[in-house]
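To be precise, the following lines are entry_37.txt, and they hold compact mmCIF, C-alpha atoms.
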```
# COMPACT_ATOMS: atom_id res chain seq x y z
CA THR D 15 35.04 -26.99 -20.54
CA LYS D 16 36.37 -29.26 -23.34
CA TYR D 17 33.58 -31.75 -22.65
CA TRP D 18 30.95 -28.98 -22.71
CA SER D 19 32.20 -27.54 -26.02
CA ARG D 20 32.12 -31.05 -27.54
CA GLN D 21 28.52 -31.49 -26.39
CA CYS D 22 27.53 -28.13 -27.92
CA LYS D 23 29.05 -29.12 -31.28
CA GLN D 24 27.06 -32.35 -31.29
CA THR D 25 23.70 -30.76 -30.46
CA THR D 26 23.79 -27.57 -32.59
CA MET D 27 23.64 -28.94 -36.14
CA GLY D 28 20.84 -26.71 -37.37
CA ILE D 29 17.99 -27.87 -39.62
CA SER D 30 17.72 -31.67 -39.92
CA ARG D 31 15.71 -33.57 -42.55
CA ASP D 32 15.68 -36.99 -40.88
CA SER D 33 12.51 -38.87 -39.86
CA ARG D 34 13.96 -40.90 -36.99
CA HIS D 35 12.64 -38.45 -34.42
CA LYS D 36 9.07 -38.88 -35.70
CA ARG D 37 6.48 -41.38 -34.54
CA ARG D 38 5.20 -44.26 -36.65
CA ALA D 39 1.91 -43.95 -38.57
CA THR D 40 0.30 -46.07 -35.82
CA GLY D 41 1.51 -43.63 -33.13
CA GLY D 42 4.34 -45.72 -31.70
CA ARG D 43 7.72 -44.18 -30.91
CA LYS D 44 10.80 -45.30 -32.82
CA ALA D 45 14.16 -46.00 -31.22
CA ASN D 46 16.66 -43.37 -32.38
CA LEU D 47 19.74 -45.54 -32.96
CA LYS D 48 22.08 -42.99 -34.51
CA LYS D 49 22.93 -39.33 -34.31
CA LYS D 50 22.31 -36.62 -36.89
CA ARG D 51 24.23 -36.95 -40.15
CA LEU D 52 25.55 -34.15 -42.34
CA TYR D 53 23.76 -35.56 -45.42
CA GLU D 54 20.44 -35.15 -43.56
CA SER D 55 21.04 -31.45 -42.89
CA GLY D 56 18.80 -28.79 -44.44
CA ARG D 57 19.14 -25.06 -45.06
CA PRO D 58 16.85 -22.12 -44.31
CA PRO D 59 14.48 -21.11 -47.17
CA ALA D 60 15.66 -18.42 -49.64
CA MET D 61 12.42 -16.37 -49.37
CA THR D 62 13.25 -14.57 -52.64
CA LYS D 63 11.84 -11.02 -52.79
CA ILE D 64 11.29 -8.53 -55.62
CA GLY D 65 14.24 -6.13 -55.94
CA PRO D 66 17.62 -5.50 -57.61
CA THR D 67 19.27 -8.85 -58.40
CA ARG D 68 21.16 -10.44 -55.51
CA ILE D 69 22.24 -14.09 -55.85
CA HIS D 70 24.41 -16.15 -53.50
CA LYS D 71 26.37 -19.16 -54.76
CA ILE D 72 26.28 -22.19 -52.44
CA ARG D 73 28.58 -25.20 -52.49
CA VAL D 74 26.46 -28.36 -52.06
CA ARG D 75 27.00 -32.10 -51.87
CA GLY D 76 29.33 -33.55 -54.49
CA GLY D 77 31.03 -30.18 -55.09
CA ASN D 78 28.00 -28.99 -57.07
CA GLU D 79 26.62 -25.47 -56.88
CA LYS D 80 23.22 -23.96 -56.16
CA PHE D 81 22.28 -20.37 -56.83
CA ARG D 82 20.27 -18.90 -53.99
CA ALA D 83 18.35 -15.87 -55.32
CA LEU D 84 17.61 -13.42 -52.51
CA ARG D 85 16.34 -10.60 -54.76
CA LEU D 86 15.08 -10.76 -58.36
CA ASP D 87 13.12 -8.28 -60.47
CA THR D 88 13.28 -9.80 -63.99
CA GLY D 89 12.75 -13.19 -65.63
CA ASN D 90 12.26 -14.97 -68.95
CA PHE D 91 8.56 -15.61 -69.58
CA SER D 92 7.10 -17.70 -72.38
CA TRP D 93 3.94 -17.01 -74.39
CA GLY D 94 2.80 -20.54 -75.20
CA THR D 95 0.32 -19.99 -78.06
CA GLU D 96 2.72 -17.69 -79.94
CA VAL D 97 5.82 -19.75 -79.04
CA VAL D 98 7.85 -16.70 -78.06
CA THR D 99 9.90 -15.88 -74.95
CA ARG D 100 10.95 -12.46 -73.71
CA LYS D 101 12.80 -11.09 -70.69
CA THR D 102 10.50 -8.81 -68.72
CA ARG D 103 10.06 -7.12 -65.33
CA ILE D 104 8.24 -8.79 -62.43
CA LEU D 105 5.92 -6.20 -60.89
CA ASP D 106 3.98 -7.95 -58.12
CA VAL D 107 3.01 -11.27 -56.49
CA LEU D 108 -0.77 -11.70 -56.70
CA TYR D 109 -1.61 -15.25 -55.63
CA ASN D 110 -0.09 -18.31 -54.01
CA ALA D 111 -2.12 -21.50 -53.54
CA SER D 112 0.01 -22.71 -50.63
CA ASN D 113 0.21 -19.67 -48.36
CA ASN D 114 -1.28 -16.14 -48.32
CA GLU D 115 1.67 -14.97 -46.22
CA LEU D 116 3.90 -15.43 -49.30
CA VAL D 117 1.61 -13.01 -51.19
CA ARG D 118 1.70 -10.41 -48.40
CA THR D 119 5.51 -10.54 -48.23
CA LYS D 120 5.79 -10.69 -52.08
CA THR D 121 7.90 -13.85 -52.01
CA LEU D 122 8.86 -15.43 -55.36
CA VAL D 123 8.48 -19.22 -55.31
CA LYS D 124 7.61 -21.88 -57.87
CA ASN D 125 3.92 -21.83 -59.00
CA ALA D 126 3.31 -18.34 -57.58
CA ILE D 127 1.06 -16.16 -59.76
CA VAL D 128 2.82 -12.88 -60.56
CA GLN D 129 2.09 -9.73 -62.53
CA ILE D 130 4.59 -8.95 -65.29
CA ASP D 131 5.19 -6.06 -67.71
CA ALA D 132 3.48 -6.75 -71.07
CA THR D 133 5.56 -4.26 -73.15
CA PRO D 134 8.15 -6.71 -74.66
CA PHE D 135 5.38 -9.09 -75.81
CA LYS D 136 3.23 -6.24 -77.15
CA GLN D 137 6.16 -4.86 -79.18
CA TRP D 138 6.92 -8.31 -80.62
CA TYR D 139 3.27 -8.97 -81.56
CA GLU D 140 2.83 -5.64 -83.31
CA GLN D 141 6.09 -6.10 -85.22
CA HIS D 142 5.31 -9.72 -86.16
CA TYR D 143 1.68 -9.25 -87.28
CA LYS D 144 1.58 -5.48 -87.92
CA VAL D 145 -1.60 -5.36 -85.81
CA LYS D 146 -2.18 -3.08 -82.81
CA ILE D 147 -3.26 -4.92 -79.64
CA GLY D 148 -4.31 -3.78 -76.20
CA VAL D 149 -6.12 -0.72 -77.57
CA LYS D 150 -9.16 0.44 -75.57
CA LYS D 151 -12.51 0.34 -77.43
CA SER D 152 -13.02 4.12 -77.31
CA VAL D 153 -9.60 4.65 -78.93
CA LYS D 154 -9.85 1.78 -81.43
CA LYS D 155 -11.82 3.65 -84.13
CA ALA D 156 -9.49 6.66 -84.11
CA ALA D 157 -6.44 4.36 -84.06
CA ALA D 158 -7.79 2.34 -86.99
CA ALA D 159 -8.12 5.47 -89.11
CA ALA D 160 -4.66 6.70 -88.12
CA GLY D 161 -3.24 3.21 -88.74
CA GLU D 162 -4.54 3.16 -92.30
CA GLU D 163 -2.81 6.49 -93.01
CA ALA D 164 0.45 5.28 -91.41
CA ALA D 165 0.30 2.00 -93.39
CA THR D 166 0.25 3.91 -96.63
CA GLU D 167 3.32 5.94 -95.60
CA VAL D 168 5.54 2.91 -94.68
CA LYS D 169 7.05 1.34 -97.80
CA GLN D 170 7.04 -2.47 -97.88
CA SER D 171 7.94 -4.90 -100.62
CA LYS D 172 5.24 -7.16 -102.04
CA ALA D 173 6.95 -10.20 -100.48
CA VAL D 174 6.79 -8.63 -97.00
CA GLN D 175 3.14 -7.62 -97.48
CA LYS D 176 2.28 -11.15 -98.59
CA LYS D 177 4.06 -12.63 -95.56
CA LEU D 178 2.17 -10.31 -93.19
CA LEU D 179 -1.18 -11.16 -94.79
CA GLU D 180 -0.49 -14.89 -94.37
CA ARG D 181 0.37 -14.36 -90.70
CA GLN D 182 -2.77 -12.30 -90.12
CA LYS D 183 -5.00 -15.04 -91.57
CA LEU D 184 -3.84 -17.53 -88.91
CA ARG D 185 -3.78 -14.96 -86.09
CA THR D 186 -5.94 -15.59 -82.99
CA LEU D 187 -5.86 -13.60 -79.77
CA ASP D 188 -7.88 -14.35 -76.64
CA PRO D 189 -10.13 -11.30 -75.83
CA ALA D 190 -9.19 -11.59 -72.13
CA LEU D 191 -5.51 -11.39 -73.07
CA ASP D 192 -6.21 -8.40 -75.33
CA GLU D 193 -7.79 -6.59 -72.34
CA ALA D 194 -4.73 -7.43 -70.23
CA PHE D 195 -2.45 -5.93 -72.92
CA ALA D 196 -4.50 -2.70 -72.67
CA SER D 197 -3.36 -2.32 -69.04
CA SER D 198 0.24 -3.36 -69.94
CA ARG D 199 0.06 -6.02 -67.20
CA LEU D 200 -0.06 -9.79 -67.72
CA LEU D 201 -0.66 -12.66 -65.32
CA ALA D 202 2.11 -15.26 -65.31
CA CYS D 203 3.06 -18.38 -63.38
CA ILE D 204 6.62 -19.02 -62.13
CA SER D 205 7.88 -22.43 -63.28
CA SER D 206 11.51 -22.24 -62.09
CA ARG D 207 12.77 -22.48 -58.50
CA PRO D 208 14.39 -19.13 -57.62
CA GLY D 209 15.98 -20.46 -54.43
CA GLN D 210 17.69 -23.33 -56.28
CA SER D 211 18.50 -22.03 -59.78
CA GLY D 212 18.77 -18.29 -59.11
CA ARG D 213 16.27 -17.60 -61.90
CA CYS D 214 12.63 -16.55 -61.98
CA ASP D 215 11.28 -17.89 -65.29
CA GLY D 216 7.72 -18.86 -66.16
CA TYR D 217 4.85 -18.65 -68.63
CA ILE D 218 1.92 -16.33 -69.39
CA LEU D 219 -1.49 -17.58 -68.22
CA GLU D 220 -3.99 -18.25 -71.01
CA GLY D 221 -7.31 -20.00 -71.61
CA LYS D 222 -8.87 -22.00 -68.77
CA GLU D 223 -5.87 -21.44 -66.49
CA PHE D 224 -6.23 -17.66 -66.91
CA ASP D 225 -9.99 -17.88 -66.19
CA PHE D 226 -9.38 -19.97 -63.06
CA TYR D 227 -6.78 -17.65 -61.53
CA SER D 228 -8.77 -14.52 -62.45
CA LYS D 229 -11.70 -16.02 -60.53
CA MET D 230 -9.45 -16.85 -57.55
CA LEU D 231 -8.05 -13.30 -57.48
CA LYS D 232 -11.54 -11.78 -57.51
CA ARG D 233 -12.53 -14.10 -54.65
CA ALA D 234 -9.41 -13.12 -52.68
CA LYS D 235 -10.26 -9.38 -53.04
CA LYS D 236 -13.70 -9.96 -51.53
```

Can you dump the structure from the file as C-alpha cells?
Amino acid sequence: TKYWSRQCKQTTMGISRDSRHKRRATGGRKANLKKKRLYESGRPPAMTKIGPTRIHKIRVRGGNEKFRALRLDTGNFSWGTEVVTRKTRILDVLYNASNNELVRTKTLVKNAIVQIDATPFKQWYEQHYKVKIGVKKSVKKAAAAAGEEAATEVKQSKAVQKKLLERQKLRTLDPALDEAFASSRLLACISSRPGQSGRCDGYILEGKEFDFYSKMLKRAKK
C-alpha cells in the first residue's frame, strides 16, 4: 500500500506546462529523461464571470501573489481622446476574437469586447464642456431651447464662461460615439488580465477600431 500511495503522488501532479512529452517539429519522438517538476506546473483558468466581486489571493513562485478574479462587475475604463478615466459597470460581453464560447458564457478575459455603462463619462463631459451629448435628434430641438433658458438661470463668473468657451472651441465628438451615448451604452476593450491582476480595466473603442468591431458584431448577429 505504501508503494501504491507513492506511485499515486508521483503521477497526479495536475496541469503540466512542459514540452518534453511532445513530438519534434519533424514528427520524431523525444526521450523523456526527467519527471514532472513543480516549476512546470500550471493552474486551471479563472474563467472570470460578471457578478458581485469575488477575488481569490494565490501564493505563487517566489512568495509573490496573484489575484484570481472569479466575479467582477465594475472596472476603470479610459476615454483616450478626452484623456479621462472613470469607474463604471460592465454590462455584457459582446465579442471575443479567440472563442465564441467565451461570449456565450460571458467570460471576462483580456481583449474581450464588452458593453459598459456610459453614465459616468456622460456626466463628466456635460460638466466639463457644458454641452449635452447623447440626445436623440427628435429631442434635440426642444432640449436646445430649454438649455438656453437654463443657461440664463445659472450664474457663472466671466472667467468660468471664458474657460468654457475655450473648451468648446477645441471640442470634437465622433458622431458614432454620440449615438452610443444616446443609448447609455459604450463599447470597450479589456486591457487588463482579470485572472492575474484581479481587475477588469480597459478603454473605450473609438475611430477605426470602433468601426471594425461594430462591423464584426453586425456580422455575428447575422

Worksheet item: Which residues, written as a ChimeraX atom specification, have at least one atom at most 9 Å from region 27-41 of chain D, with all atoms listed in the file counted and residues fewer than 3 positions away on the same chain left out?
Response: /D:23-24,44-48,50-58

Fill in: Nearest-residue call for Arg185 (chain D), choices D:Asp131, D:Glu140, D:Glu79, D:Glu223, using only C-alpha atoms
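Nearest candidate to Arg185 (chain D) out of D:Asp131, D:Glu140, D:Glu79, D:Glu223: D:Glu140.
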
Discussion item. When you look at Gln182 (chain D) with a cut-off of 12 Å (counting all atoms listed in the file), what residues show up, excluding the ones that are within fewer than 6 positions of it in the same chain? I need them as a count of residues only.
Written reply: 10

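Among D:Arg82, D:Lys150, D:His70, D:Lys63, the residue with the shortest atom-to-atom distance to Asp192 (chain D), counting only C-alpha atoms, is D:Lys150.
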
Discussion item. One number please: CA of Ala126 (chain D) to CA of Lys232 (chain D), in Å, one decimal.
Written reply: 16.2 Å

Please reconstruct the missing atoms of region 83-96 of chain D (target: N, CA, C and O atoms) and return them as an mmCIF file, in the coordinates of the input.
```
data_model
loop_
_atom_site.group_PDB
_atom_site.id
_atom_site.type_symbol
_atom_site.label_atom_id
_atom_site.label_comp_id
_atom_site.auth_asym_id
_atom_site.auth_seq_id
_atom_site.Cartn_x
_atom_site.Cartn_y
_atom_site.Cartn_z
ATOM 1 N N ALA D 83 18.797 -17.242 -54.987
ATOM 2 C CA ALA D 83 18.350 -15.870 -55.320
ATOM 3 C C ALA D 83 17.675 -15.253 -54.108
ATOM 4 O O ALA D 83 16.688 -15.783 -53.611
ATOM 5 N N LEU D 84 18.206 -14.137 -53.640
ATOM 6 C CA LEU D 84 17.610 -13.420 -52.510
ATOM 7 C C LEU D 84 16.735 -12.264 -52.990
ATOM 8 O O LEU D 84 15.738 -11.938 -52.363
ATOM 9 N N ARG D 85 17.126 -11.672 -54.138
ATOM 10 C CA ARG D 85 16.340 -10.600 -54.760
ATOM 11 C C ARG D 85 16.360 -10.795 -56.274
ATOM 12 O O ARG D 85 17.415 -11.019 -56.858
ATOM 13 N N LEU D 86 15.191 -10.696 -56.896
ATOM 14 C CA LEU D 86 15.080 -10.760 -58.360
ATOM 15 C C LEU D 86 13.986 -9.797 -58.809
ATOM 16 O O LEU D 86 12.976 -9.646 -58.123
ATOM 17 N N ASP D 87 14.179 -9.159 -59.951
ATOM 18 C CA ASP D 87 13.120 -8.280 -60.470
ATOM 19 C C ASP D 87 12.836 -8.511 -61.955
ATOM 20 O O ASP D 87 11.987 -7.843 -62.535
ATOM 21 N N THR D 88 13.546 -9.464 -62.583
ATOM 22 C CA THR D 88 13.280 -9.800 -63.990
ATOM 23 C C THR D 88 13.293 -11.315 -64.178
ATOM 24 O O THR D 88 13.823 -12.047 -63.339
ATOM 25 N N GLY D 89 12.738 -11.757 -65.304
ATOM 26 C CA GLY D 89 12.750 -13.190 -65.630
ATOM 27 C C GLY D 89 12.368 -13.411 -67.078
ATOM 28 O O GLY D 89 11.823 -12.509 -67.736
ATOM 29 N N ASN D 90 12.652 -14.606 -67.588
ATOM 30 C CA ASN D 90 12.260 -14.970 -68.950
ATOM 31 C C ASN D 90 10.900 -15.646 -68.904
ATOM 32 O O ASN D 90 10.751 -16.700 -68.275
ATOM 33 N N PHE D 91 9.922 -15.054 -69.589
ATOM 34 C CA PHE D 91 8.560 -15.610 -69.580
ATOM 35 C C PHE D 91 8.147 -15.997 -70.998
ATOM 36 O O PHE D 91 8.442 -15.291 -71.956
ATOM 37 N N SER D 92 7.475 -17.133 -71.085
ATOM 38 C CA SER D 92 7.100 -17.700 -72.380
ATOM 39 C C SER D 92 5.618 -17.475 -72.672
ATOM 40 O O SER D 92 4.784 -17.618 -71.770
ATOM 41 N N TRP D 93 5.333 -17.131 -73.919
ATOM 42 C CA TRP D 93 3.940 -17.010 -74.390
ATOM 43 C C TRP D 93 3.655 -18.249 -75.219
ATOM 44 O O TRP D 93 4.059 -18.350 -76.365
ATOM 45 N N GLY D 94 2.956 -19.194 -74.632
ATOM 46 C CA GLY D 94 2.800 -20.540 -75.200
ATOM 47 C C GLY D 94 2.170 -20.595 -76.574
ATOM 48 O O GLY D 94 2.692 -21.248 -77.477
ATOM 49 N N THR D 95 1.031 -19.899 -76.779
ATOM 50 C CA THR D 95 0.320 -19.990 -78.060
ATOM 51 C C THR D 95 1.094 -19.370 -79.211
ATOM 52 O O THR D 95 0.965 -19.784 -80.353
ATOM 53 N N GLU D 96 1.930 -18.352 -78.892
ATOM 54 C CA GLU D 96 2.720 -17.690 -79.940
ATOM 55 C C GLU D 96 4.145 -18.247 -80.023
ATOM 56 O O GLU D 96 4.906 -17.871 -80.918
#
```
